[in-house]
$ cat target.pdb   # PDB, C-alpha atoms
ATOM      1  CA  MET A   1      34.215  10.004 -48.426
ATOM      2  CA  THR A   2      31.035  12.081 -48.493
ATOM      3  CA  LEU A   3      29.541  12.920 -45.095
ATOM      4  CA  ASP A   4      25.766  12.650 -44.703
ATOM      5  CA  ILE A   5      25.010  16.001 -43.083
ATOM      6  CA  PRO A   6      21.412  16.339 -41.822
ATOM      7  CA  ASN A   7      19.321  19.264 -42.988
ATOM      8  CA  LEU A   8      18.854  21.106 -39.688
ATOM      9  CA  LYS A   9      16.425  23.609 -41.175
ATOM     10  CA  ASP A  10      14.069  20.814 -42.212
ATOM     11  CA  PHE A  11      14.452  19.181 -38.772
ATOM     12  CA  ASP A  12      13.642  22.459 -37.033
ATOM     13  CA  LYS A  13      10.628  22.946 -39.315
ATOM     14  CA  ARG A  14       9.292  19.464 -38.461
ATOM     15  CA  LEU A  15       9.657  20.101 -34.708
ATOM     16  CA  ARG A  16       7.773  23.384 -34.997
ATOM     17  CA  GLU A  17       4.997  21.767 -37.002
ATOM     18  CA  GLU A  18       4.724  18.928 -34.472
ATOM     19  CA  ALA A  19       4.519  21.380 -31.575
ATOM     20  CA  HIS A  20       1.542  23.105 -33.224
ATOM     21  CA  GLU A  21      -0.381  19.910 -33.965
ATOM     22  CA  GLU A  22      -3.588  19.318 -32.061
ATOM     23  CA  PRO A  23      -3.907  16.012 -30.120
ATOM     24  CA  THR A  24      -4.949  13.129 -32.325
ATOM     25  CA  LEU A  25      -8.576  12.010 -32.299
ATOM     26  CA  GLU A  26      -7.470   8.442 -31.669
ATOM     27  CA  VAL A  27      -6.885   9.157 -27.966
ATOM     28  CA  PRO A  28      -8.892   6.604 -25.957
ATOM     29  CA  GLN A  29     -12.205   8.028 -24.801
ATOM     30  CA  SER A  30     -13.989   4.868 -23.672
ATOM     31  CA  GLU A  31     -16.117   4.946 -20.557
ATOM     32  CA  PRO A  32     -14.149   3.872 -17.456
ATOM     33  CA  THR A  33     -15.276   1.007 -15.272
ATOM     34  CA  LYS A  34     -18.210   2.550 -13.399
ATOM     35  CA  HIS A  35     -16.948   2.137  -9.857
ATOM     36  CA  THR A  36     -13.484   3.473 -10.694
ATOM     37  CA  GLN A  37     -12.700   7.070  -9.798
ATOM     38  CA  ILE A  38     -10.123   8.507 -12.202
ATOM     39  CA  ILE A  39      -8.650  11.610 -10.605
ATOM     40  CA  ALA A  40      -6.127  13.979 -12.196
ATOM     41  CA  ILE A  41      -3.842  15.882  -9.842
ATOM     42  CA  TYR A  42      -2.396  19.167 -11.101
ATOM     43  CA  GLY A  43       0.063  21.631  -9.621
ATOM     44  CA  LYS A  44       3.182  23.675 -10.212
ATOM     45  CA  GLY A  45       6.407  21.710 -10.700
ATOM     46  CA  GLY A  46       8.082  21.058  -7.352
ATOM     47  CA  ILE A  47       5.016  21.947  -5.284
ATOM     48  CA  GLY A  48       4.726  18.437  -3.822
ATOM     49  CA  LYS A  49       2.294  16.520  -6.059
ATOM     50  CA  SER A  50       4.419  13.380  -6.081
ATOM     51  CA  PHE A  51       4.912  13.538  -2.297
ATOM     52  CA  THR A  52       1.177  13.974  -1.787
ATOM     53  CA  LEU A  53       0.172  11.240  -4.227
ATOM     54  CA  ALA A  54       2.674   8.618  -3.094
ATOM     55  CA  ASN A  55       1.526   8.954   0.527
ATOM     56  CA  LEU A  56      -2.148   9.259  -0.431
ATOM     57  CA  SER A  57      -2.020   6.104  -2.572
ATOM     58  CA  CYS A  58      -0.295   4.119   0.203
ATOM     59  CA  MET A  59      -2.923   5.228   2.720
ATOM     60  CA  MET A  60      -5.724   4.289   0.314
ATOM     61  CA  ALA A  61      -4.177   0.840  -0.108
ATOM     62  CA  GLU A  62      -3.969   0.412   3.677
ATOM     63  CA  MET A  63      -7.673   1.256   3.788
ATOM     64  CA  GLY A  64      -8.366  -1.704   1.493
ATOM     65  CA  LYS A  65      -8.673   0.213  -1.795
ATOM     66  CA  ARG A  66      -7.194  -0.921  -5.095
ATOM     67  CA  VAL A  67      -5.087   1.981  -6.364
ATOM     68  CA  LEU A  68      -3.221   2.636  -9.612
ATOM     69  CA  LEU A  69      -0.808   5.581  -9.610
ATOM     70  CA  ILE A  70       0.272   6.891 -13.029
ATOM     71  CA  GLY A  71       3.011   9.488 -13.363
ATOM     72  CA  CYS A  72       2.298  11.787 -16.321
ATOM     73  CA  ASP A  73       5.301  14.063 -15.914
ATOM     74  CA  PRO A  74       8.322  13.906 -18.277
ATOM     75  CA  LYS A  75      10.573  14.006 -15.181
ATOM     76  CA  SER A  76       9.216  10.543 -14.271
ATOM     77  CA  ASP A  77       9.495  11.269 -10.546
ATOM     78  CA  THR A  78       5.944  10.456  -9.406
ATOM     79  CA  THR A  79       6.819   6.942  -8.219
ATOM     80  CA  SER A  80      10.295   7.679  -6.835
ATOM     81  CA  LEU A  81       9.048   8.031  -3.237
ATOM     82  CA  LEU A  82       6.872   4.937  -3.559
ATOM     83  CA  PHE A  83       9.848   2.856  -4.721
ATOM     84  CA  ALA A  84      12.298   4.337  -2.184
ATOM     85  CA  GLY A  85      14.156   6.349  -4.816
ATOM     86  CA  LYS A  86      14.465   3.597  -7.420
ATOM     87  CA  ALA A  87      13.650   4.707 -10.968
ATOM     88  CA  CYS A  88      10.707   2.987 -12.603
ATOM     89  CA  PRO A  89      11.114   2.104 -16.332
ATOM     90  CA  THR A  90       8.822   4.398 -18.279
ATOM     91  CA  ILE A  91       6.173   3.380 -20.772
ATOM     92  CA  ILE A  92       7.660   5.529 -23.542
ATOM     93  CA  GLU A  93      11.223   4.248 -23.231
ATOM     94  CA  THR A  94      10.026   0.654 -22.831
ATOM     95  CA  SER A  95       7.734   0.960 -25.825
ATOM     96  CA  THR A  96      10.556   2.348 -27.965
ATOM     97  CA  ARG A  97      12.962  -0.408 -26.922
ATOM     98  CA  LYS A  98      10.410  -3.157 -27.491
ATOM     99  CA  LYS A  99       9.406  -1.760 -30.874
ATOM    100  CA  LEU A 100      13.032  -1.762 -32.061
ATOM    101  CA  ALA A 101      13.304  -5.397 -30.958
ATOM    102  CA  GLY A 102      10.066  -6.320 -32.713
ATOM    103  CA  GLU A 103       8.346  -7.200 -29.426
ATOM    104  CA  GLU A 104       5.047  -6.231 -27.782
ATOM    105  CA  VAL A 105       4.837  -4.375 -24.470
ATOM    106  CA  ALA A 106       3.335  -6.406 -21.609
ATOM    107  CA  ILE A 107       1.908  -5.198 -18.279
ATOM    108  CA  GLY A 108       4.909  -6.542 -16.379
ATOM    109  CA  ASP A 109       7.226  -4.381 -18.481
ATOM    110  CA  VAL A 110       5.718  -1.090 -17.300
ATOM    111  CA  CYS A 111       3.651  -1.624 -14.127
ATOM    112  CA  TYR A 112       5.121  -2.377 -10.712
ATOM    113  CA  LYS A 113       3.674  -2.688  -7.213
ATOM    114  CA  ARG A 114       4.689  -1.891  -3.655
ATOM    115  CA  ASN A 115       2.796  -1.394  -0.398
ATOM    116  CA  GLY A 116      -0.340  -2.548  -2.178
ATOM    117  CA  VAL A 117      -0.110   0.242  -4.777
ATOM    118  CA  PHE A 118       0.221  -0.404  -8.521
ATOM    119  CA  ALA A 119       2.293   2.247 -10.253
ATOM    120  CA  MET A 120       3.757   3.245 -13.601
ATOM    121  CA  GLU A 121       5.411   6.205 -15.322
ATOM    122  CA  LEU A 122       4.489   7.466 -18.778
ATOM    123  CA  GLY A 123       7.786   9.312 -19.147
ATOM    124  CA  GLY A 124       8.699  11.702 -21.934
ATOM    125  CA  PRO A 125      11.110  12.371 -24.782
ATOM    126  CA  GLU A 126      14.753  13.309 -24.300
ATOM    127  CA  VAL A 127      15.379  17.024 -23.978
ATOM    128  CA  GLY A 128      15.000  18.803 -27.319
ATOM    129  CA  ARG A 129      13.948  15.628 -29.139
ATOM    130  CA  GLY A 130      10.178  15.743 -29.040
ATOM    131  CA  CYS A 131       6.982  17.101 -27.544
ATOM    132  CA  GLY A 132       6.162  16.059 -23.969
ATOM    133  CA  GLY A 133       2.435  16.489 -24.541
ATOM    134  CA  ARG A 134       2.451  14.132 -27.514
ATOM    135  CA  GLY A 135       4.414  11.695 -25.379
ATOM    136  CA  ILE A 136       1.530  11.720 -22.892
ATOM    137  CA  ILE A 137      -0.925  11.006 -25.708
ATOM    138  CA  HIS A 138       1.213   8.105 -26.957
ATOM    139  CA  GLY A 139       1.405   6.705 -23.431
ATOM    140  CA  PHE A 140      -2.370   6.659 -23.019
ATOM    141  CA  GLU A 141      -2.816   5.087 -26.432
ATOM    142  CA  LEU A 142      -0.573   2.247 -25.271
ATOM    143  CA  LEU A 143      -2.471   1.931 -21.968
ATOM    144  CA  GLU A 144      -5.675   1.572 -23.973
ATOM    145  CA  LYS A 145      -4.125  -1.289 -25.949
ATOM    146  CA  LEU A 146      -3.107  -2.935 -22.668
ATOM    147  CA  GLY A 147      -6.748  -2.871 -21.505
ATOM    148  CA  PHE A 148      -6.838   0.266 -19.347
ATOM    149  CA  HIS A 149     -10.641   0.509 -19.226
ATOM    150  CA  ASP A 150     -11.020  -3.143 -18.238
ATOM    151  CA  TRP A 151      -8.768  -2.900 -15.183
ATOM    152  CA  ASP A 152     -10.365  -3.264 -11.753
ATOM    153  CA  PHE A 153      -9.339  -0.359  -9.499
ATOM    154  CA  ASP A 154     -11.147   1.802  -6.989
ATOM    155  CA  TYR A 155      -8.916   4.779  -7.782
ATOM    156  CA  VAL A 156      -6.681   5.720 -10.694
ATOM    157  CA  LEU A 157      -4.550   8.733  -9.754
ATOM    158  CA  LEU A 158      -2.935  10.710 -12.581
ATOM    159  CA  ASP A 159      -0.041  13.011 -11.663
ATOM    160  CA  PHE A 160       0.062  15.888 -14.185
ATOM    161  CA  LEU A 161       2.392  18.845 -14.444
ATOM    162  CA  GLY A 162       0.289  21.992 -14.218
ATOM    163  CA  ASP A 163       2.780  24.484 -15.645
ATOM    164  CA  VAL A 164       2.387  23.150 -19.203
ATOM    165  CA  VAL A 165      -0.755  24.205 -21.035
ATOM    166  CA  CYS A 166      -0.594  22.152 -24.259
ATOM    167  CA  GLY A 167      -3.261  19.636 -25.269
ATOM    168  CA  GLY A 168      -1.381  16.545 -24.105
ATOM    169  CA  PHE A 169      -1.150  17.696 -20.510
ATOM    170  CA  GLY A 170      -4.742  18.914 -20.598
ATOM    171  CA  LEU A 171      -5.961  15.515 -21.811
ATOM    172  CA  PRO A 172      -7.953  14.437 -18.707
ATOM    173  CA  ILE A 173      -9.864  17.737 -18.713
ATOM    174  CA  ALA A 174     -10.297  18.194 -22.457
ATOM    175  CA  ARG A 175     -11.386  14.605 -23.152
ATOM    176  CA  ASP A 176     -13.329  13.821 -19.940
ATOM    177  CA  MET A 177     -10.842  11.065 -19.110
ATOM    178  CA  ALA A 178     -11.059  11.925 -15.410
ATOM    179  CA  GLN A 179     -14.142  12.582 -13.318
ATOM    180  CA  LYS A 180     -12.472  15.244 -11.219
ATOM    181  CA  VAL A 181      -9.332  17.271 -10.657
ATOM    182  CA  ILE A 182      -7.420  17.881  -7.441
ATOM    183  CA  LEU A 183      -5.103  20.877  -7.178
ATOM    184  CA  VAL A 184      -1.939  21.002  -5.083
ATOM    185  CA  GLY A 185      -0.718  24.464  -4.144
ATOM    186  CA  SER A 186       0.923  26.514  -1.435
ATOM    187  CA  ASN A 187       0.849  30.048  -0.078
ATOM    188  CA  ASP A 188       2.821  31.483  -2.980
ATOM    189  CA  LEU A 189       1.762  33.354  -6.079
ATOM    190  CA  GLN A 190       3.300  31.004  -8.665
ATOM    191  CA  SER A 191       1.641  27.813  -7.417
ATOM    192  CA  LEU A 192      -1.734  29.558  -7.125
ATOM    193  CA  TYR A 193      -1.270  31.032 -10.599
ATOM    194  CA  VAL A 194      -0.945  27.467 -11.927
ATOM    195  CA  ALA A 195      -3.945  26.313  -9.870
ATOM    196  CA  ASN A 196      -6.006  29.196 -11.248
ATOM    197  CA  ASN A 197      -4.955  28.286 -14.813
ATOM    198  CA  VAL A 198      -6.208  24.737 -14.287
ATOM    199  CA  CYS A 199      -9.502  26.127 -12.957
ATOM    200  CA  SER A 200      -9.739  28.235 -16.139
ATOM    201  CA  ALA A 201      -9.199  25.119 -18.269
ATOM    202  CA  VAL A 202     -11.896  23.230 -16.364
ATOM    203  CA  GLU A 203     -14.330  26.128 -16.764
ATOM    204  CA  TYR A 204     -13.556  26.432 -20.486
ATOM    205  CA  PHE A 205     -14.244  22.783 -21.219
ATOM    206  CA  ARG A 206     -17.373  22.818 -19.043
ATOM    207  CA  LYS A 207     -18.688  25.535 -21.354
ATOM    208  CA  MET A 208     -17.806  23.261 -24.269
ATOM    209  CA  GLY A 209     -19.891  20.444 -22.798
ATOM    210  CA  GLY A 210     -17.284  18.718 -20.613
ATOM    211  CA  ASN A 211     -18.054  17.141 -17.251
ATOM    212  CA  VAL A 212     -14.765  17.334 -15.327
ATOM    213  CA  GLY A 213     -14.849  19.418 -12.152
ATOM    214  CA  VAL A 214     -12.446  20.417  -9.386
ATOM    215  CA  ALA A 215     -12.803  18.351  -6.212
ATOM    216  CA  GLY A 216     -10.666  20.692  -4.151
ATOM    217  CA  LEU A 217      -7.255  22.000  -3.148
ATOM    218  CA  VAL A 218      -4.503  20.353  -1.102
ATOM    219  CA  ILE A 219      -2.377  23.012   0.597
ATOM    220  CA  ASN A 220       1.197  21.738   0.870
ATOM    221  CA  LYS A 221       4.020  23.292   2.896
ATOM    222  CA  ASP A 222       1.488  25.467   4.692
ATOM    223  CA  ASP A 223       3.159  28.290   6.641
ATOM    224  CA  GLY A 224      -0.085  29.698   7.995
ATOM    225  CA  THR A 225      -0.147  32.886   5.934
ATOM    226  CA  GLY A 226      -3.523  31.956   4.432
ATOM    227  CA  GLU A 227      -3.236  32.897   0.745
ATOM    228  CA  ALA A 228      -4.046  29.369  -0.498
ATOM    229  CA  GLN A 229      -7.158  29.210   1.708
ATOM    230  CA  ALA A 230      -8.187  32.634   0.399
ATOM    231  CA  PHE A 231      -7.720  31.379  -3.166
ATOM    232  CA  ALA A 232      -9.889  28.315  -2.513
ATOM    233  CA  ASP A 233     -12.610  30.524  -1.031
ATOM    234  CA  ALA A 234     -12.419  32.921  -3.983
ATOM    235  CA  VAL A 235     -12.757  30.231  -6.688
ATOM    236  CA  LYS A 236     -15.331  28.402  -4.549
ATOM    237  CA  ILE A 237     -13.600  25.041  -4.068
ATOM    238  CA  PRO A 238     -12.969  23.230  -0.747
ATOM    239  CA  VAL A 239      -9.613  22.634   0.912
ATOM    240  CA  LEU A 240      -9.255  18.836   1.158
ATOM    241  CA  ALA A 241      -6.188  18.808   3.415
ATOM    242  CA  THR A 242      -3.517  21.097   4.795
ATOM    243  CA  ILE A 243       0.000  19.629   4.985
ATOM    244  CA  PRO A 244       2.225  21.766   7.225
ATOM    245  CA  ALA A 245       5.698  23.045   6.399
ATOM    246  CA  ASP A 246       7.208  20.649   8.925
ATOM    247  CA  ASP A 247      10.885  19.663   9.126
ATOM    248  CA  ASP A 248      10.015  16.047   9.913
ATOM    249  CA  LEU A 249       8.009  15.784   6.679
ATOM    250  CA  ARG A 250      10.813  17.416   4.708
ATOM    251  CA  LYS A 251      13.432  15.016   6.038
ATOM    252  CA  LYS A 252      11.312  11.906   5.541
ATOM    253  CA  SER A 253      10.452  12.927   1.988
ATOM    254  CA  ALA A 254      14.116  13.609   1.203
ATOM    255  CA  ASN A 255      14.974  10.126   2.501
ATOM    256  CA  TYR A 256      12.187   8.468   0.469
ATOM    257  CA  GLN A 257      10.193   7.466   3.545
ATOM    258  CA  ILE A 258       6.431   6.977   3.267
ATOM    259  CA  VAL A 259       4.426   8.867   5.913
ATOM    260  CA  GLY A 260       0.972   8.003   4.554
ATOM    261  CA  THR A 261       0.573   5.007   6.832
ATOM    262  CA  GLU A 262      -1.087   4.237  10.153
ATOM    263  CA  LYS A 263       2.393   3.608  11.582
ATOM    264  CA  SER A 264       3.292   7.283  11.107
ATOM    265  CA  GLN A 265       2.278  10.302  13.160
ATOM    266  CA  TRP A 266       1.064  11.759   9.844
ATOM    267  CA  GLY A 267      -1.239   8.816   9.182
ATOM    268  CA  PRO A 268      -4.442  10.570  10.353
ATOM    269  CA  LEU A 269      -3.742  13.514   8.038
ATOM    270  CA  PHE A 270      -3.500  11.300   4.951
ATOM    271  CA  ALA A 271      -6.402   9.121   6.095
ATOM    272  CA  GLY A 272      -8.532  12.250   6.237
ATOM    273  CA  LEU A 273      -7.314  13.270   2.779
ATOM    274  CA  ALA A 274      -8.134   9.807   1.399
ATOM    275  CA  GLU A 275     -11.690  10.023   2.722
ATOM    276  CA  ALA A 276     -12.135  13.584   1.427
ATOM    277  CA  VAL A 277     -10.833  12.660  -2.032
ATOM    278  CA  GLY A 278     -13.282   9.788  -2.283
ATOM    279  CA  VAL A 279     -16.438  11.767  -1.490
ATOM    280  CA  ALA A 280     -15.602  15.250  -2.844
ATOM    281  CA  PRO A 281     -17.886  16.097  -5.799
ATOM    282  CA  PRO A 282     -16.528  17.658  -9.002
ATOM    283  CA  ILE A 283     -17.251  21.374  -8.657
ATOM    284  CA  ARG A 284     -17.335  23.982 -11.407
ATOM    285  CA  PRO A 285     -14.805  26.580 -10.199
ATOM    286  CA  GLU A 286     -14.888  30.336 -10.707
ATOM    287  CA  PRO A 287     -11.343  31.213 -11.857
ATOM    288  CA  LEU A 288      -9.889  34.592 -10.961
ATOM    289  CA  THR A 289      -8.565  37.302 -13.229
ATOM    290  CA  GLN A 290      -4.862  38.118 -12.939
ATOM    291  CA  ASP A 291      -5.694  41.204 -10.869
ATOM    292  CA  GLY A 292      -8.006  39.110  -8.686
ATOM    293  CA  LEU A 293      -5.221  36.626  -8.068
ATOM    294  CA  LEU A 294      -2.741  39.376  -7.201
ATOM    295  CA  ALA A 295      -5.272  40.857  -4.784
ATOM    296  CA  LEU A 296      -4.892  37.770  -2.560
ATOM    297  CA  PHE A 297      -1.373  38.950  -1.694
ATOM    298  CA  ASP A 298       0.058  42.086  -0.150
ATOM    299  CA  SER A 299       0.644  44.551  -2.985
ATOM    300  CA  LYS A 300       4.185  45.283  -1.809
ATOM    301  CA  ASP A 301       5.059  41.617  -2.432
ATOM    302  CA  THR A 302       3.495  41.328  -5.887
ATOM    303  CA  GLY A 303       3.980  44.736  -7.484
ATOM    304  CA  GLY A 304       0.257  45.335  -7.334
ATOM    305  CA  ASP A 305       0.807  49.085  -6.819
ATOM    306  CA  VAL A 306       3.018  49.479  -9.899
ATOM    307  CA  VAL A 307       1.650  51.797 -12.593
ATOM    308  CA  LEU A 308       2.383  50.767 -16.185
ATOM    309  CA  VAL A 309       4.150  53.567 -18.076
ATOM    310  CA  PRO A 310       3.874  53.213 -21.885
ATOM    311  CA  ALA A 311       7.108  53.408 -23.892
ATOM    312  CA  THR A 312       7.437  55.811 -26.795
ATOM    313  CA  ASP A 313       8.984  55.413 -30.219
ATOM    314  CA  ALA A 314      11.794  57.748 -29.118
ATOM    315  CA  ASP A 315      12.459  55.516 -26.089
ATOM    316  CA  MET A 316      12.907  52.522 -28.361
ATOM    317  CA  ARG A 317      15.201  54.276 -30.826
ATOM    318  CA  GLY A 318      17.445  55.799 -28.146
ATOM    319  CA  LYS A 319      20.370  57.662 -29.715
ATOM    320  CA  ASN A 320      18.930  56.847 -33.145
ATOM    321  CA  ALA A 321      15.804  58.852 -32.437
ATOM    322  CA  VAL A 322      15.088  61.532 -35.016
ATOM    323  CA  VAL A 323      12.543  64.289 -34.533
ATOM    324  CA  VAL A 324      10.216  64.206 -37.521
ATOM    325  CA  ALA A 325       8.397  67.368 -38.400
ATOM    326  CA  SER A 326       4.646  67.027 -38.000
ATOM    327  CA  LEU A 327       2.492  67.184 -41.132
ATOM    328  CA  GLU A 328      -0.522  68.269 -39.101
ATOM    329  CA  VAL A 329      -2.088  71.512 -40.327
ATOM    330  CA  VAL A 330      -2.664  73.964 -37.479
ATOM    331  CA  TYR A 331      -5.176  76.765 -38.069
ATOM    332  CA  ASP A 332      -4.960  80.066 -36.224
ATOM    333  CA  ASP A 333      -8.014  81.098 -34.287
ATOM    334  CA  ALA A 334     -10.263  83.234 -36.414
TER     335      ALA A 334
END
$ encode --input "target.pdb" --output "structure tokens"
Amino acid sequence: MTLDIPNLKDFDKRLREEAHEEPTLEVPQSEPTKHTQIIAIYGKGGIGKSFTLANLSCMMAEMGKRVLLIGCDPKSDTTSLLFAGKACPTIIETSTRKKLAGEEVAIGDVCYKRNGVFAMELGGPEVGRGCGGRGIIHGFELLEKLGFHDWDFDYVLLDFLGDVVCGGFGLPIARDMAQKVILVGSNDLQSLYVANNVCSAVEYFRKMGGNVGVAGLVINKDDGTGEAQAFADAVKIPVLATIPADDDLRKKSANYQIVGTEKSQWGPLFAGLAEAVGVAPPIRPEPLTQDGLLALFDSKDTGGDVVLVPATDADMRGKNAVVVASLEVVYDDA
């Protein structure tokens, strides 16, 4: 019996070609319903975007707003807190399953509601089996077919991973799909590096004729050291809310408990954030250089005092280094 062995070189070539493809022009770019604010939230992985958004969306719903929360992270963890830890079927996996069965995807297959919030997850490909950015594009194409721009919401909140810089994850900024961006960061260099990158993307596309701006920064797990506030001041964006590094918040989040409610001691904090998010205008930020970002921190913590020493060819060759006689002609002084 002859085994059908796949050509792995061809497979690898296709993956590389797909990774270098630009987003398709078929991505929906229709005008949103005029009263709807579509807001993209960006931040470093693990910085607390999902925690912030789940509680923010619940507070908005308590305030009488119609809210749609869309997770745009391949981890599909945006809605986990909202649904008390229960996994929400993703649009990509549902679409694949329905397509194989010859069926169409319906709203009830991908959108669920709790505490007055409507929520869904775009999802992503299995590890090593596709491009997450293209998965995002596919998800929005499907939302368009389901009538995305005809839906009646006051707020549509998009939870995007900020570490990834490809076109799919930059979709709301590059294609003016959102009116404004909110950053989530903390008093650490890595999260502010990501926030600064997003500011750079916003500034780039503003120069290209885009309209998306940054509404402000949410400081999560604030320990009072002040670097995130200094960053916001430097790039000229407001701080919308400061969420403290509090053990009660940590425990409630770990136990999938919503604190963005009037019944919680943290209710006023998220009510203030909800009001700030609604009225904050989209601002054109002034992103920092790498040295400018490092200057926000003590140089002993960031290596800011390190002097770069160039390597030589002899350094690289090590024991294989050979001294080559110079061909330069040296003239004696006359």
$ residues_around --input "target.pdb" --residues "segment 234-238 of chain A" --least-positions-apart "2" --cutoff "6 Å" --atoms "all atoms listed in the file" --output "list in words"
Gly216, Phe231, Ala232, Pro285, Glu286 and Pro287 of chain A
$ residues_around --input "target.pdb" --residues "Ser50 of chain A" --least-positions-apart "2" --cutoff "8 Å" --atoms "all atoms listed in the file" --output "list in words"
Gly48, Thr52, Leu53, Ala54, Asp77, Thr78, Thr79, Leu81 and Asp159 of chain A
$ residues_around --input "target.pdb" --residues "segment 109-117 of chain A" --least-positions-apart "2" --cutoff "10 Å" --atoms "only C-alpha atoms" --output "VMD selection string"
chain A and resid 54 57 to 62 64 to 70 79 82 to 84 88 to 95 98 104 to 107 119 to 122 143 258 261
$ closest_residue --input "target.pdb" --among "A:Met177, A:Val323, A:Leu249, A:Ile41" --to "Leu161 of chain A" --atoms "all atoms listed in the file"
A:Ile41
$ closest_residue --input "target.pdb" --among "A:Ser186, A:Ala178, A:Gln257, A:Ser191" --to "Gly224 of chain A" --atoms "only C-alpha atoms"
A:Ser186
$ atom_distance --input "target.pdb" --atom1 "atom CA of Asp150 of chain A" --atom2 "atom CA of Leu183 of chain A"
27.1 Å
$ residues_around --input "target.pdb" --residues "Ile219 of chain A" --least-positions-apart "6" --cutoff "8 Å" --atoms "all atoms listed in the file" --output "PDB file with C-alpha atoms, keeping the file's coordinate frame"
ATOM      1  CA  VAL A 184      -1.939  21.002  -5.083  1.00  0.00           C
ATOM      2  CA  GLY A 185      -0.718  24.464  -4.144  1.00  0.00           C
ATOM      3  CA  SER A 186       0.923  26.514  -1.435  1.00  0.00           C
ATOM      4  CA  ASN A 187       0.849  30.048  -0.078  1.00  0.00           C
ATOM      5  CA  ALA A 228      -4.046  29.369  -0.498  1.00  0.00           C
ATOM      6  CA  GLN A 229      -7.158  29.210   1.708  1.00  0.00           C
ATOM      7  CA  VAL A 239      -9.613  22.634   0.912  1.00  0.00           C
ATOM      8  CA  ALA A 241      -6.188  18.808   3.415  1.00  0.00           C
ATOM      9  CA  THR A 242      -3.517  21.097   4.795  1.00  0.00           C
ATOM     10  CA  ILE A 243       0.000  19.629   4.985  1.00  0.00           C
TER      11      ILE A 243
END
$ atom_distance --input "target.pdb" --atom1 "atom CA of Phe140 of chain A" --atom2 "atom CA of Gly210 of chain A"
19.3 Å
$ closest_residue --input "target.pdb" --among "A:Pro282, A:Gln37, A:Leu189, A:Gly43" --to "Phe169 of chain A" --atoms "all atoms listed in the file"
A:Gly43
$ resolve_selection --input "target.pdb" --expression "the PyMOL selection byres ((chain A and resi 246) around 12)" --output "count of residues only"
17
$ closest_residue --input "target.pdb" --among "A:Leu192, A:Thr96, A:Ile39, A:Glu227" --to "Ile173 of chain A" --atoms "all atoms listed in the file"
A:Ile39
$ atom_distance --input "target.pdb" --atom1 "atom CA of Lys207 of chain A" --atom2 "atom CA of Val194 of chain A"
20.2 Å
$ axis_aligned_box --input "target.pdb" --around "segment 319-326 of chain A" --padding-each-side "5 Å" --output "AutoDock Vina command-line options"
--center_x 12.5 --center_y 62.1 --center_z -34.1 --size_x 25.7 --size_y 20.5 --size_z 18.7
$ closest_residue --input "target.pdb" --among "A:Pro268, A:Gly209, A:Gly170, A:Gly162" --to "Gly46 of chain A" --atoms "all atoms listed in the file"
A:Gly162
